[in-house]
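Some notes on the structure that comes next.
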Amino acid sequence: MSTSIAPCSVAPLSRRGAAWRARLPSQVVLGPYRLRVEILERSHMRDRRKRACVNVEAERIELRDDLRGMQLAEVFLECIVRLSHFSKGCQQGCVEEAYTHSFATGMVEFAQRNPDAWVWFNLLLTEHLVSDVRYDKVVLGVVSRPPPMPKRILVAGHPVTIRSIGQSECGNAFGWYHSSNREAQLYSGLTGSNLAVVALHELTHAIHHMYDLKTRDRHLAFKRAQVKGWLGIMTDNPSAWRWLAWVMSFPSKASLAPG
Ligand SMILES: [Zn+2]
């Protein structure tokens with residue numbers, strides 16, 4: 001992980017905006033794509049109606065130049081979700097399970113192949129969320145001990161429990177999401193990147209459930225629910241995102257087993 005990120009600033013917003021552009025990651029690598037990240041005036045974007053474009057033909061992610069703070073975080077996350085689904089061939093007509101796993105594997109891949117962009121994104125959240133979330137410290141490994149798995153989180157305002165389960169309860173799966181009692185279950189033997197993927201996967205099922213998505217819903221509905229739902233988790237559940245961000249950042253140390 002890069003440690004070259006400047007400490008949090010108390011500069012006025014206009015200077016902050018300039019600083020954010022200076023720290024913006026130069027590229028994002030996902031699937032077979034390596035895209036430059038560029039801030040552009042609306043008139044230079046591929047689609048002038050949008051806040052951002054994933055322009056694979058020009059090999060760049062285009063971010064409109066007036067984006068700031070949490071709006072920038074949301075738009076950037078949306079680009080990662082779009083690129084993830086595109087690179088995996090997840091498109092209109094795919095079922096909910098495909099959208100779920102495409103999101104989970106895409107986010108873990110983004111975190112692990114793009115350390116600078118991953119730190120930047122978490123620093124952006126840290127500076128602009130109201131509470132003292134310290135996500136930047138987590139992804140840089142500046143924590144006294146690994147954050148623990150939360151037992152309960154809020155997804156779109158609804159409580160969802162997270163429970164570690166043994167082999168006998170797992171059957172042939174690594175995890176489950178039960179909509180009847182709003183519970184995500186994770187196999188207690190999960191380790192490494194698979195722990196991150198399964199945790200993101202089951203919680204994404206919870207998001208789809210809370211957003212009332214159908215097994216076959218529109219591409220736009222899946223994308224919107226994933227961006228809004230996950231940004232909501234990052235905003236409302238700092239302990240949950242600290243745990244997930246740590247597991248995604250340090251898979252070689254990640255384990256669900258206690259101690
Ligand atoms: Zn699933």
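Residues are named by chain letter and number: chains run A, B, ... in the order of the structure tokens, numbers start at 1 in each chain, and ligands are numbered from 1 in the order shown.
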
* Asked: So which residues are near ligand 1, meaning at most 8 Å away with only C-alpha atoms and all ligand atoms counted, given back as an MDAnalysis selection string?
  -> chainID A and resid 97 100:101 175:177 201:202 205

Could you turn the residues from that selection into a file that holds N, CA and C atoms, as a compact mmCIF listing (two decimals), in the first residue's frame?
# COMPACT_ATOMS: atom_id res chain seq x y z
N GLU A 97 -28.17 -13.38 -9.11
CA GLU A 97 -26.96 -14.04 -8.60
C GLU A 97 -25.72 -13.59 -9.38
N THR A 100 -24.78 -10.11 -8.36
CA THR A 100 -24.24 -10.14 -7.00
C THR A 100 -22.75 -10.52 -7.02
N HIS A 101 -22.45 -11.60 -7.74
CA HIS A 101 -21.06 -12.07 -7.73
C HIS A 101 -20.16 -11.17 -8.57
N GLY A 175 -21.50 -19.27 1.97
CA GLY A 175 -22.33 -18.33 2.71
C GLY A 175 -23.74 -18.32 2.18
N TRP A 176 -24.60 -17.69 2.94
CA TRP A 176 -26.01 -17.60 2.57
C TRP A 176 -26.54 -16.23 2.95
N TYR A 177 -27.60 -15.80 2.23
CA TYR A 177 -28.38 -14.68 2.73
C TYR A 177 -29.82 -15.16 2.83
N HIS A 201 -20.56 -10.52 -1.28
CA HIS A 201 -21.62 -11.21 -2.02
C HIS A 201 -22.92 -11.29 -1.19
N GLU A 202 -22.81 -11.81 0.03
CA GLU A 202 -24.03 -12.01 0.83
C GLU A 202 -24.66 -10.67 1.21
N HIS A 205 -26.61 -9.35 -1.69
CA HIS A 205 -27.95 -9.95 -1.72
C HIS A 205 -28.89 -9.16 -0.80

* Spatial neighbours of Trp243 in chain A, 7 Å, only C-alpha atoms, chain gap at least 6 places, as a VMD selection string -> chain A and resid 147 to 149

* **Of the listed residues A:Trp241, A:Phe86, A:Phe110, A:Tyr99, that which approaches Ile153 in chain A most closely, counting only C-alpha atoms** => A:Trp241

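The nearest approach to Pro115 in chain A among the residues A:Ala52, A:Val28, A:Val227, A:Val133, with only C-alpha atoms taken into account, belongs to A:Val28.
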
* Contacts of Glu109 in chain A at 9 Å (only C-alpha atoms; same-chain gap of 2+ positions) as an MDAnalysis selection string -> chainID A and resid 29:31 84 104:107 111:114 248

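For the choices A:Met234, A:Lys223, A:Leu200, A:His85, the atom-to-atom distance to Ala98 in chain A is smallest for A:His85 when using only C-alpha atoms.
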
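Using only C-alpha atoms for every distance, the candidate list A:Ser26, A:Ser102, A:Ser179, A:Ser131 yields A:Ser26 as the residue closest to Glu62 in chain A.
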
* DSSP-assigned strand (DSSP E) members of range 22-255 of chain A, reported as a VMD selection string -> chain A and resid 27 to 30 33 to 40 52 to 55 60 to 64 152 to 155 158 to 165 175 to 178 183 to 187

* To do: Report the distance between CA of Met210 in chain A and CA of Thr191 in chain A in Å, rounded to one decimal place.
  => 27.4 Å

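Separating CA of Gly69 in chain A from CA of Asn237 in chain A is a distance of 18.4 Å.
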
* To do: Considering only C-alpha atoms, state which residue in the set A:Ser255, A:Ser249, A:Ser188, A:Asn194 is at the smallest distance from Asn122 in chain A.
  => A:Ser249

* To do: Name all residues at most 7 Å from range 34-39 of chain A (count only C-alpha atoms; drop same-chain ones fewer than 6 positions away) and give them as a PyMOL selection string.
  => chain A and resi 25-28+59-65

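The gap separating CA of Lys88 in chain A from CA of Met70 in chain A is 26.9 Å, in Å to one decimal.
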
* Structure fact -> Min atom-atom distance to His158 in chain A from the set A:Ala117, A:Val197, A:Ile207, A:Cys170, counting only C-alpha atoms, belongs to A:Ile207

* To do: Using DSSP on the backbone coordinates, identify the residues of range 131-215 of chain A assigned to alpha helix (DSSP H); present them as a PyMOL selection string.
  => chain A and resi 135-139+167-170+192-210

Writing out the chosen residues with N, CA, C and O atoms as a CSV table (one decimal), in the first residue's frame:
chain,number,residue,atom,x,y,z
A,135,TYR,N,-11.3,5.4,7.5
A,135,TYR,CA,-11.1,4.3,6.5
A,135,TYR,C,-9.7,4.3,5.9
A,135,TYR,O,-9.1,3.3,5.5
A,136,ASP,N,-9.1,5.5,5.8
A,136,ASP,CA,-7.8,5.6,5.2
A,136,ASP,C,-6.7,4.9,6.0
A,136,ASP,O,-5.9,4.2,5.5
A,137,LYS,N,-6.9,5.0,7.4
A,137,LYS,CA,-5.9,4.3,8.3
A,137,LYS,C,-6.1,2.8,8.1
A,137,LYS,O,-5.1,2.1,8.1
A,138,VAL,N,-7.3,2.3,8.0
A,138,VAL,CA,-7.6,0.9,7.8
A,138,VAL,C,-6.9,0.3,6.6
A,138,VAL,O,-6.2,-0.7,6.6
A,139,VAL,N,-7.1,1.0,5.4
A,139,VAL,CA,-6.6,0.4,4.2
A,139,VAL,C,-5.1,0.6,4.1
A,139,VAL,O,-4.4,-0.1,3.3
A,167,GLN,N,-19.5,-25.8,9.5
A,167,GLN,CA,-19.6,-26.6,8.3
A,167,GLN,C,-20.9,-27.2,8.1
A,167,GLN,O,-21.5,-27.2,7.0
A,168,SER,N,-21.5,-27.7,9.2
A,168,SER,CA,-22.8,-28.4,9.1
A,168,SER,C,-23.9,-27.5,8.6
A,168,SER,O,-24.8,-28.0,7.9
A,169,GLU,N,-23.9,-26.2,8.9
A,169,GLU,CA,-24.9,-25.3,8.5
A,169,GLU,C,-24.7,-24.8,7.1
A,169,GLU,O,-25.6,-24.3,6.4
A,170,CYS,N,-23.5,-24.9,6.6
A,170,CYS,CA,-23.1,-24.3,5.3
A,170,CYS,C,-23.6,-25.1,4.2
A,170,CYS,O,-23.9,-24.5,3.1
A,192,GLY,N,-8.7,-15.2,3.5
A,192,GLY,CA,-8.2,-14.6,2.3
A,192,GLY,C,-9.2,-13.8,1.5
A,192,GLY,O,-10.2,-13.3,2.0
A,193,SER,N,-8.9,-13.7,0.2
A,193,SER,CA,-9.8,-13.0,-0.7
A,193,SER,C,-11.2,-13.6,-0.7
A,193,SER,O,-12.1,-12.8,-1.0
A,194,ASN,N,-11.3,-14.9,-0.5
A,194,ASN,CA,-12.6,-15.5,-0.5
A,194,ASN,C,-13.5,-15.0,0.6
A,194,ASN,O,-14.7,-14.9,0.4
A,195,LEU,N,-12.9,-14.7,1.7
A,195,LEU,CA,-13.7,-14.1,2.8
A,195,LEU,C,-14.3,-12.8,2.3
A,195,LEU,O,-15.5,-12.5,2.5
A,196,ALA,N,-13.5,-11.9,1.7
A,196,ALA,CA,-13.9,-10.6,1.2
A,196,ALA,C,-15.0,-10.8,0.2
A,196,ALA,O,-16.1,-10.2,0.2
A,197,VAL,N,-14.8,-11.7,-0.8
A,197,VAL,CA,-15.8,-11.9,-1.8
A,197,VAL,C,-17.1,-12.4,-1.3
A,197,VAL,O,-18.2,-11.9,-1.6
A,198,VAL,N,-17.0,-13.4,-0.4
A,198,VAL,CA,-18.3,-14.0,0.2
A,198,VAL,C,-19.0,-13.0,1.0
A,198,VAL,O,-20.3,-12.9,0.9
A,199,ALA,N,-18.3,-12.2,1.8
A,199,ALA,CA,-19.0,-11.2,2.7
A,199,ALA,C,-19.6,-10.1,1.8
A,199,ALA,O,-20.8,-9.8,2.0
A,200,LEU,N,-18.9,-9.6,0.8
A,200,LEU,CA,-19.5,-8.7,-0.1
A,200,LEU,C,-20.7,-9.3,-0.9
A,200,LEU,O,-21.7,-8.6,-1.1
A,201,HIS,N,-20.6,-10.5,-1.3
A,201,HIS,CA,-21.6,-11.2,-2.0
A,201,HIS,C,-22.9,-11.3,-1.2
A,201,HIS,O,-24.0,-10.9,-1.6
A,202,GLU,N,-22.8,-11.8,0.0
A,202,GLU,CA,-24.0,-12.0,0.8
A,202,GLU,C,-24.7,-10.7,1.2
A,202,GLU,O,-25.9,-10.5,1.2
A,203,LEU,N,-23.8,-9.7,1.5
A,203,LEU,CA,-24.4,-8.3,1.8
A,203,LEU,C,-25.0,-7.7,0.6
A,203,LEU,O,-25.9,-6.9,0.7
A,204,THR,N,-24.5,-8.0,-0.6
A,204,THR,CA,-25.1,-7.4,-1.8
A,204,THR,C,-26.5,-8.1,-2.0
A,204,THR,O,-27.4,-7.4,-2.5
A,205,HIS,N,-26.6,-9.3,-1.7
A,205,HIS,CA,-28.0,-9.9,-1.7
A,205,HIS,C,-28.9,-9.2,-0.8
A,205,HIS,O,-30.1,-8.9,-1.1
A,206,ALA,N,-28.4,-8.8,0.4
A,206,ALA,CA,-29.2,-8.0,1.3
A,206,ALA,C,-29.6,-6.7,0.7
A,206,ALA,O,-30.8,-6.3,0.8
A,207,ILE,N,-28.7,-6.0,0.0
A,207,ILE,CA,-29.0,-4.8,-0.6
A,207,ILE,C,-30.1,-5.0,-1.7
A,207,ILE,O,-31.1,-4.2,-1.7
A,208,HIS,N,-29.9,-6.0,-2.5
A,208,HIS,CA,-30.9,-6.2,-3.6
A,208,HIS,C,-32.3,-6.5,-2.9
A,208,HIS,O,-33.3,-6.1,-3.5
A,209,HIS,N,-32.3,-7.2,-1.8
A,209,HIS,CA,-33.5,-7.5,-1.1
A,209,HIS,C,-34.2,-6.2,-0.6
A,209,HIS,O,-35.4,-6.0,-0.8
A,210,MET,N,-33.4,-5.4,0.0
A,210,MET,CA,-33.9,-4.2,0.6
A,210,MET,C,-34.4,-3.2,-0.5
A,210,MET,O,-35.3,-2.4,-0.3
